[in-house]
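Content type mmCIF, C-alpha atoms and all ligand atoms, from the file data-v8.cif:
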```
data_target
loop_
_atom_site.label_atom_id
_atom_site.label_comp_id
_atom_site.auth_asym_id
_atom_site.auth_seq_id
_atom_site.Cartn_x
_atom_site.Cartn_y
_atom_site.Cartn_z
CA MET A 1 131.37 117.43 11.90
CA LEU A 2 131.45 116.74 8.15
CA ALA A 3 131.28 120.47 7.36
CA PHE A 4 134.14 121.00 9.82
CA PHE A 5 136.15 118.25 8.14
CA ASP A 6 135.50 119.63 4.63
CA GLU A 7 136.68 123.03 5.73
CA ARG A 8 139.52 122.19 8.07
CA GLN A 9 141.06 118.90 6.98
CA ARG A 10 144.79 119.05 6.52
CA GLU A 11 146.20 118.14 3.14
CA LEU A 12 147.94 114.83 3.66
CA PRO A 13 149.25 112.50 0.97
CA TRP A 14 147.17 109.55 2.13
CA ARG A 15 144.02 111.64 1.90
CA GLU A 16 144.56 112.01 -1.83
CA THR A 17 144.04 108.31 -2.44
CA SER A 18 141.43 105.62 -1.96
CA ASP A 19 143.98 102.82 -2.44
CA PRO A 20 143.47 100.58 0.63
CA TYR A 21 147.15 99.58 0.71
CA ARG A 22 148.26 103.21 0.90
CA ILE A 23 145.75 103.91 3.63
CA LEU A 24 146.93 100.82 5.50
CA VAL A 25 150.55 102.02 5.35
CA SER A 26 149.58 105.48 6.59
CA GLU A 27 147.52 104.10 9.45
CA ILE A 28 150.31 101.81 10.62
CA MET A 29 152.87 104.61 10.39
CA LEU A 30 150.57 106.96 12.30
CA GLN A 31 150.30 104.58 15.26
CA GLN A 32 152.29 106.35 18.03
CA THR A 33 153.91 108.78 15.57
CA ARG A 34 153.06 112.38 14.73
CA VAL A 35 151.61 113.31 11.34
CA GLU A 36 154.46 115.70 10.45
CA THR A 37 157.04 112.97 11.11
CA VAL A 38 155.15 110.41 9.07
CA VAL A 39 154.67 112.42 5.84
CA PRO A 40 158.24 112.14 4.42
CA TYR A 41 158.51 108.49 5.48
CA TYR A 42 155.20 107.74 3.79
CA ARG A 43 156.30 109.38 0.54
CA ARG A 44 159.60 107.50 0.47
CA TRP A 45 157.90 104.23 1.36
CA MET A 46 155.42 104.60 -1.49
CA GLN A 47 158.20 105.17 -3.96
CA ARG A 48 160.04 102.06 -2.83
CA PHE A 49 157.07 99.79 -1.98
CA PRO A 50 154.14 101.05 -4.10
CA ASP A 51 151.98 97.94 -3.60
CA PRO A 52 151.67 94.86 -1.36
CA ALA A 53 153.62 92.69 -3.83
CA SER A 54 156.74 94.89 -3.75
CA LEU A 55 156.69 95.03 0.02
CA ALA A 56 156.06 91.29 0.36
CA ALA A 57 159.04 90.50 -1.88
CA ALA A 58 161.48 92.92 -0.21
CA ASP A 59 164.37 91.94 2.00
CA GLU A 60 163.53 92.51 5.68
CA GLU A 61 166.73 94.47 6.16
CA GLU A 62 165.67 96.96 3.52
CA VAL A 63 162.20 97.26 5.04
CA LEU A 64 163.75 98.09 8.44
CA ARG A 65 166.13 100.50 6.78
CA GLN A 66 163.22 102.39 5.17
CA TRP A 67 161.56 102.55 8.59
CA GLN A 68 164.69 103.69 10.39
CA GLY A 69 163.96 106.67 12.62
CA LEU A 70 160.19 106.09 12.88
CA GLY A 71 160.68 103.86 15.93
CA TYR A 72 158.52 100.95 17.11
CA TYR A 73 160.11 98.74 14.46
CA ARG A 74 157.72 95.92 15.09
CA ARG A 75 155.25 97.94 12.98
CA ALA A 76 157.53 97.62 9.93
CA ARG A 77 157.84 93.87 10.32
CA ASN A 78 154.09 93.54 10.86
CA LEU A 79 153.40 95.64 7.78
CA GLN A 80 155.56 93.34 5.70
CA ALA A 81 153.89 90.28 7.21
CA ALA A 82 150.50 91.84 6.39
CA ALA A 83 151.64 92.49 2.79
CA ARG A 84 152.70 88.86 2.46
CA GLU A 85 149.33 87.69 3.76
CA ILE A 86 147.53 90.05 1.37
CA VAL A 87 149.52 88.63 -1.54
CA GLU A 88 149.25 84.98 -0.54
CA ARG A 89 145.74 84.87 0.82
CA TRP A 90 143.94 87.73 -0.90
CA GLY A 91 145.54 87.79 -4.34
CA GLY A 92 147.33 91.08 -3.68
CA ASN A 93 144.17 93.03 -2.75
CA VAL A 94 143.64 94.32 0.78
CA PRO A 95 140.51 92.57 2.11
CA GLY A 96 137.52 94.88 2.59
CA ASP A 97 135.90 93.11 5.50
CA ALA A 98 136.56 94.57 8.98
CA LYS A 99 137.03 91.11 10.46
CA ALA A 100 139.55 90.04 7.79
CA LEU A 101 141.35 93.36 8.24
CA ALA A 102 141.61 92.84 11.99
CA ASP A 103 143.23 89.45 11.32
CA LEU A 104 146.15 91.05 9.45
CA PRO A 105 149.38 91.29 11.49
CA GLY A 106 149.67 94.62 13.31
CA VAL A 107 146.08 95.64 12.61
CA GLY A 108 144.11 96.25 15.81
CA ALA A 109 140.52 97.35 16.32
CA TYR A 110 141.28 101.00 15.60
CA THR A 111 143.20 100.39 12.36
CA ALA A 112 140.61 97.87 11.14
CA GLY A 113 137.84 100.42 11.80
CA ALA A 114 139.77 103.21 10.10
CA MET A 115 140.51 101.03 7.08
CA ALA A 116 136.96 99.67 6.79
CA SER A 117 135.42 103.14 6.98
CA ILE A 118 138.00 105.19 5.02
CA ALA A 119 138.96 102.73 2.30
CA PHE A 120 135.78 100.65 2.03
CA GLY A 121 132.98 103.00 3.14
CA GLN A 122 131.68 100.85 5.98
CA ALA A 123 129.81 102.60 8.80
CA VAL A 124 131.98 101.34 11.65
CA PRO A 125 133.71 103.33 14.42
CA ALA A 126 137.48 103.98 14.54
CA ILE A 127 138.56 104.96 18.02
CA ASP A 128 142.04 106.30 18.56
CA GLY A 129 143.40 108.47 21.40
CA ASN A 130 142.03 111.66 19.86
CA VAL A 131 138.54 110.25 19.46
CA ARG A 132 138.61 108.88 22.99
CA ARG A 133 139.44 112.33 24.37
CA VAL A 134 136.74 114.08 22.31
CA MET A 135 134.13 111.52 23.35
CA ALA A 136 135.15 111.62 27.01
CA ARG A 137 134.50 115.37 26.90
CA LEU A 138 131.29 115.22 24.87
CA LEU A 139 129.94 112.65 27.34
CA ASP A 140 131.67 114.23 30.37
CA ASP A 141 132.91 110.78 31.31
CA PRO A 142 136.32 110.60 33.06
CA ALA A 143 137.14 107.08 31.85
CA PRO A 144 134.87 105.83 29.05
CA GLY A 145 135.35 102.11 28.39
CA ALA A 146 135.98 100.58 24.96
CA ALA A 147 132.47 99.13 24.65
CA LEU A 148 130.79 102.44 25.51
CA LEU A 149 132.99 104.31 23.03
CA ALA A 150 132.32 101.80 20.25
CA ARG A 151 128.57 102.07 20.91
CA GLU A 152 128.49 105.87 21.06
CA VAL A 153 130.72 106.49 18.04
CA GLY A 154 128.93 103.70 16.15
CA ARG A 155 125.66 105.53 16.81
CA LEU A 156 127.03 108.84 15.49
CA VAL A 157 129.02 107.68 12.46
CA ASP A 158 127.57 108.97 9.19
CA PRO A 159 126.38 106.07 7.00
CA HIS A 160 127.09 107.97 3.78
CA ARG A 161 130.55 109.27 4.65
CA PRO A 162 131.77 107.04 7.47
CA GLY A 163 135.47 107.49 6.68
CA ASP A 164 135.18 111.28 6.61
CA PHE A 165 133.17 111.25 9.84
CA ASN A 166 135.78 109.17 11.67
CA GLN A 167 138.56 111.36 10.34
CA ALA A 168 136.58 114.45 11.36
CA LEU A 169 136.46 113.24 14.96
CA MET A 170 140.20 112.51 14.90
CA GLU A 171 140.93 115.88 13.30
CA LEU A 172 138.82 117.64 15.92
CA GLY A 173 140.84 115.95 18.65
CA ALA A 174 144.15 116.69 16.94
CA THR A 175 143.54 120.36 16.15
CA VAL A 176 140.75 121.78 18.37
CA CYS A 177 139.93 119.49 21.29
CA THR A 178 143.59 119.13 22.20
CA PRO A 179 144.74 117.52 25.46
CA ARG A 180 145.80 120.65 27.38
CA SER A 181 143.99 123.57 25.82
CA PRO A 182 140.78 122.71 23.98
CA ASP A 183 139.62 125.63 21.84
CA CYS A 184 135.94 125.30 22.72
CA ALA A 185 135.06 128.62 21.04
CA ALA A 186 136.12 127.16 17.67
CA CYS A 187 134.51 123.76 18.23
CA PRO A 188 131.65 122.75 15.90
CA VAL A 189 130.01 120.53 18.54
CA SER A 190 130.44 122.75 21.59
CA GLU A 191 126.70 123.08 22.12
CA GLY A 192 126.35 119.37 22.73
CA CYS A 193 129.45 119.06 24.87
CA ARG A 194 128.68 118.09 28.45
CA ALA A 195 132.19 118.73 29.73
CA ARG A 196 132.10 122.23 28.36
CA ALA A 197 128.75 122.86 30.06
CA ALA A 198 130.16 121.55 33.33
CA GLY A 199 133.54 123.25 32.93
CA THR A 200 135.33 119.92 33.30
CA GLN A 201 137.16 119.78 29.92
CA GLY A 202 140.56 119.82 31.61
CA GLU A 203 139.74 116.73 33.69
CA ARG A 204 138.33 114.65 30.84
CA PRO A 205 139.50 112.04 30.28
CA ARG A 206 141.16 111.44 33.63
CA PRO A 207 144.93 111.20 33.03
CA PRO A 208 146.35 107.71 33.57
CA ARG A 209 148.52 107.31 36.65
CA LYS A 210 152.13 107.92 35.72
CA LYS A 211 154.18 104.76 35.94
CA GLU A 212 157.84 105.02 36.86
CA ILE A 213 159.79 103.77 33.92
CA PRO A 214 162.97 101.86 34.66
CA HIS A 215 166.26 103.53 33.78
CA ARG A 216 169.03 101.06 32.94
CA VAL A 217 172.66 101.31 31.94
CA GLU A 218 174.01 99.30 29.04
CA ALA A 219 177.73 98.84 28.49
CA VAL A 220 178.43 98.91 24.76
CA ALA A 221 181.51 97.49 23.07
CA VAL A 222 182.67 99.53 20.11
CA VAL A 223 185.26 97.15 18.69
CA VAL A 224 187.22 98.66 15.81
CA ARG A 225 189.94 97.33 13.57
CA PRO A 226 191.82 98.57 10.55
CA GLY A 227 190.23 97.46 7.28
CA PRO A 228 191.38 97.76 3.67
CA THR A 229 189.51 101.07 3.15
CA GLY A 230 189.44 102.54 6.65
CA TRP A 231 188.31 101.73 10.16
CA GLU A 232 185.77 98.97 10.58
CA VAL A 233 183.44 98.33 13.51
CA LEU A 234 182.03 95.07 14.80
CA LEU A 235 178.21 94.89 14.61
CA ARG A 236 175.87 92.13 15.64
CA ARG A 237 172.33 91.50 14.50
CA ARG A 238 169.58 91.51 17.10
CA PRO A 239 167.22 88.51 17.23
CA ALA A 240 164.36 88.81 14.70
CA SER A 241 161.65 89.15 17.35
CA GLY A 242 161.47 91.57 20.25
CA LEU A 243 162.63 95.15 20.68
CA LEU A 244 164.50 96.49 17.59
CA GLY A 245 164.37 92.96 16.14
CA GLY A 246 166.59 92.30 13.12
CA MET A 247 168.52 95.57 13.43
CA TRP A 248 172.31 95.90 13.69
CA GLU A 249 174.12 97.27 16.72
CA CYS A 250 177.37 97.29 18.65
CA PRO A 251 177.31 94.41 21.15
CA GLY A 252 175.98 95.58 24.49
CA VAL A 253 174.99 94.25 27.87
CA ASP A 254 172.78 95.54 30.66
CA VAL A 255 174.98 96.32 33.66
CA GLY A 256 172.38 97.56 36.13
CA PRO A 257 170.12 100.43 37.15
CA HIS A 258 171.14 103.99 36.40
CA GLY A 259 172.68 105.57 39.49
CA SER A 260 175.65 105.30 41.72
CA GLU A 261 175.88 101.48 41.69
CA VAL A 262 177.15 101.37 38.11
CA ASP A 263 180.61 102.92 37.99
CA GLU A 264 183.07 103.18 35.13
CA ALA A 265 184.97 100.01 36.06
CA CYS A 266 181.73 98.05 35.90
CA VAL A 267 180.95 99.54 32.47
CA VAL A 268 184.41 98.71 31.10
CA GLU A 269 184.24 95.18 32.45
CA GLY A 270 180.77 94.61 30.97
CA ALA A 271 181.82 96.01 27.58
CA GLN A 272 184.99 93.91 27.55
CA ASP A 273 183.07 90.79 28.35
CA VAL A 274 180.46 91.29 25.65
CA ALA A 275 183.15 92.31 23.13
CA LEU A 276 185.08 89.12 23.74
CA ARG A 277 182.00 86.98 23.42
CA ALA A 278 181.04 88.63 20.12
CA VAL A 279 184.55 88.26 18.74
CA MET A 280 184.89 84.66 19.95
CA ARG A 281 181.68 83.77 18.16
CA GLN A 282 183.43 84.48 14.87
CA GLN A 283 186.45 82.35 15.53
CA PRO A 284 186.71 78.80 14.21
CA PRO A 285 185.59 76.35 16.94
CA THR A 286 189.13 74.95 17.11
CA GLU A 287 190.54 78.31 18.18
CA MET A 288 190.15 78.47 21.96
CA ARG A 289 192.26 81.53 22.68
CA PRO A 290 190.46 84.88 22.65
CA PRO A 291 192.01 87.38 20.25
CA PRO A 292 193.78 90.32 21.90
CA LEU A 293 191.47 93.28 22.42
CA LEU A 294 193.11 96.53 23.40
CA LEU A 295 191.09 98.85 25.62
CA ASP A 296 191.20 102.31 24.04
CA ARG A 297 188.80 104.68 25.82
CA VAL A 298 185.33 105.27 27.26
CA LEU A 299 183.25 107.27 24.74
CA PRO A 300 180.50 109.80 25.58
CA ALA A 301 177.27 108.30 26.96
CA VAL A 302 174.07 108.29 24.86
CA ASP A 303 170.61 108.44 26.45
CA HIS A 304 167.58 106.95 24.79
CA LEU A 305 163.97 106.80 25.87
CA PHE A 306 162.01 103.78 24.66
CA SER A 307 158.27 103.46 25.27
CA HIS A 308 158.71 101.53 28.52
CA ARG A 309 162.23 102.25 29.66
CA ARG A 310 165.11 104.65 29.49
CA VAL A 311 168.58 103.40 28.62
CA THR A 312 171.90 105.14 29.09
CA TYR A 313 174.40 103.58 26.70
CA ARG A 314 178.01 103.72 27.90
CA PRO A 315 180.20 102.92 24.89
CA VAL A 316 183.76 101.71 25.37
CA ARG A 317 186.14 101.44 22.40
CA PHE A 318 188.48 98.50 21.87
CA HIS A 319 190.97 97.80 19.12
CA ALA A 320 191.01 94.34 17.55
CA PRO A 321 193.61 92.94 15.21
CA ALA A 322 192.86 92.69 11.47
CA GLY A 323 191.91 89.36 9.99
CA LEU A 324 189.13 88.09 12.26
CA PRO A 325 186.40 86.40 10.18
CA ALA A 326 182.71 87.43 10.02
CA SER A 327 179.54 85.36 10.54
CA THR A 328 175.84 85.71 9.72
CA SER A 329 174.99 87.43 12.99
CA VAL A 330 178.21 89.38 13.50
CA ARG A 331 179.85 91.56 10.86
CA TRP A 332 182.74 93.93 10.38
CA VAL A 333 181.44 97.04 8.64
CA GLY A 334 183.41 100.09 7.48
CA PHE A 335 182.34 103.33 9.17
CA HIS A 336 181.73 104.74 5.69
CA ALA A 337 179.48 101.76 4.77
CA LEU A 338 176.96 101.84 7.63
CA ASP A 339 174.20 103.51 5.61
CA PRO A 340 172.53 100.50 3.97
CA LEU A 341 172.15 98.68 7.33
CA PRO A 342 169.12 99.14 9.58
CA ILE A 343 170.62 100.62 12.74
CA PRO A 344 168.61 101.98 15.71
CA ARG A 345 168.79 105.73 16.32
CA ALA A 346 170.69 105.49 19.62
CA GLN A 347 173.27 103.24 17.99
CA GLU A 348 173.68 105.72 15.14
CA ARG A 349 174.50 108.33 17.75
CA ILE A 350 177.03 106.02 19.41
CA LEU A 351 178.65 105.18 16.07
CA GLY A 352 178.64 108.83 14.99
CA GLY A 353 181.37 109.62 17.49
CA ALA A 354 183.13 106.27 17.64
CA GLU A 355 185.51 106.21 14.67
CA PRO A 356 189.12 106.64 15.78
CA GLU A 357 190.57 109.95 14.65
CA GLU A 358 193.97 108.57 13.80
CA GLY A 359 194.25 107.05 10.31
CA VAL A 360 194.44 103.32 9.68
S1 LIG A 401 133.50 121.93 23.33
FE1 LIG A 401 135.61 121.94 23.95
S2 LIG A 401 135.84 120.13 25.22
FE2 LIG A 401 133.94 119.90 24.14
S3 LIG A 401 134.46 118.71 22.33
FE3 LIG A 401 134.58 120.85 21.75
S4 LIG A 401 136.70 121.45 22.07
FE4 LIG A 401 136.37 119.52 23.14
#
```
Show me the file's structure as C-alpha cells.
Amino acid sequence: MLAFFDERQRELPWRETSDPYRILVSEIMLQQTRVETVVPYYRRWMQRFPDPASLAAADEEEVLRQWQGLGYYRRARNLQAAAREIVERWGGNVPGDAKALADLPGVGAYTAGAMASIAFGQAVPAIDGNVRRVMARLLDDPAPGAALLAREVGRLVDPHRPGDFNQALMELGATVCTPRSPDCAACPVSEGCRARAAGTQGERPRPPRKKEIPHRVEAVAVVVRPGPTGWEVLLRRRPASGLLGGMWECPGVDVGPHGSEVDEACVVEGAQDVALRAVMRQQPPTEMRPPPLLLDRVLPAVDHLFSHRRVTYRPVRFHAPAGLPASTSVRWVGFHALDPLPIPRAQERILGGAEPEEGV
C-alpha cells in the first residue's frame, strides 16, 4: 500500500505541508466535497486565513463568503469555532492528541484520525467512505460496523508511516477500488481481497436503502426599489444556526409539497405575505400601515438539491417605494453590491435574473 501511495498519490496542495492547521482545513473542506472542487477554495482560504489566529479573528460574514459555493456551510462556522478554541485553549497550536482533536467543533472520528496520523504521526485509523468500501471488499463483508473497521484498519496501519498508510487506503478507494467499477487488475492488494476471490466486489458494501427525499416549494419575495445608484433588493439574514446559517437571502416561505397542490396564486400569496412581514419589520413601531408593495411578475423557478431535501424556489418580484429604513437582519443592497455578502448558491441564481430591466 505504501509503495502504491508513493507511486500513485495525486499532487495536492495540502500534501505539500505538515502544518496541522492546513491539514485540518483540507480535511474539513474534503468532508462531502470532491477533491477537484476543494483545491481552489483551499488555496484562496490559505491566502486569506493562513493560520488559526487570522481565522479566529475574522468576521463570520467574511468566513461564509470565502466558503460560498462549497456548500454545507456549517463546516465553515465549525472551522472558525475550532480556530477560536485552538487560539484560546491551545495557544494557537492545533493539539496533537486524538482525543483533544475530536473535541474540536466539526471534528469527528474520521477527521481526528486523519489529523492524528497525517499531521502528528500517530498509528491510528482514519475511516472515511472510501476506506469503508475498500475494507468491505477486502473482508467481503456487506455491512462492516464501525468497531470492526476501526479494529481491522488499526491492525493494518503502518506504525512508521501511519498518515501515508491511511491516505493510501483512501487513495485506493478514490482511484482504483471505485464504487461502480473497481479496477481489480491494477489493485496492489488484489491477492488478499476476499470479494475479488468470491466475485462479489459489486455488492460490497451493500448499498444503503434509498430514502425518498422531500421536495418542497418555497415562495420567494424579490422586493426591489430604486436606490441612489441603481436598483436595490431587500435581503434578510438567516438565523446563525441551522441550514445556511448567517447567510443573506430574499425572504421566502415554504408553501407546500412540490406538485399540483401548489399553484401560482398560492406562490404569489405566500411571497406577498413574507415580503410584507420583512418590510414591516423595518418600519418604526409607531407606523402600523404596511407600505405599498406593487406586484410586478413571477420570475423563473430555481431548483436546488440540499443533502436531505429538494427545494423549488418560486420567486415573485415586487416594487417597494424608496425611503424604507434598514435593520440589522434586513438590508437593502444594490444589485451591483451583492458580492461581499455570503449568499447561498440558489439565491445567487434567483438574484441573477431578478434585477428589473428598466432603469431606475
Ligand atoms: S481487488 Fe478489487 S475489489 Fe478488492 S480491494 Fe482491490 S480494487 Fe477493490
| request: Using all atoms listed in the file, determine which residues fall within 8 Å of ligand LIG 401 (chain A), then list them as a PyMOL selection string. | output: chain A and resi 133-135+137-138+172-173+176-178+182-196+201-202
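For the residues A:Leu293, A:Met1, A:Val35, A:Cys250, ranking by smallest atom-to-atom distance to Val157 of chain A using all atoms listed in the file places A:Met1 first.
Between Val298 of chain A and the residues A:Ala275, A:Ala265, A:Met247, A:Gly69, the shortest atom-to-atom distance, using all atoms listed in the file, involves A:Ala265.
Atom CA of Trp45 of chain A is positioned 13.9 Å from atom CA of Asp59 of chain A.
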| task | Just give me the gap between atom CA of Val330 of chain A and atom CA of Arg237 of chain A in Å, one decimal is fine. | result | 6.3 Å
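Distance annotation: of A:Leu156, A:Ala146, A:Ala320, A:Ala278, the residue with the minimal separation from Glu232 of chain A is A:Ala320; atom set is only C-alpha atoms.
Candidate residues A:Arg204, A:Arg309, A:Arg277, A:Arg225 were compared for distance to Glu355 of chain A, and the nearest is A:Arg225, using all atoms listed in the file.
Atom to atom, atom CA of Phe306 of chain A and atom CA of Pro251 of chain A stand 18.3 Å apart.
Compared by their closest atoms to Glu212 of chain A, and using all atoms listed in the file, the residues A:Ser260, A:Ser307, A:Thr312, A:Gln80 rank with A:Ser307 nearest.
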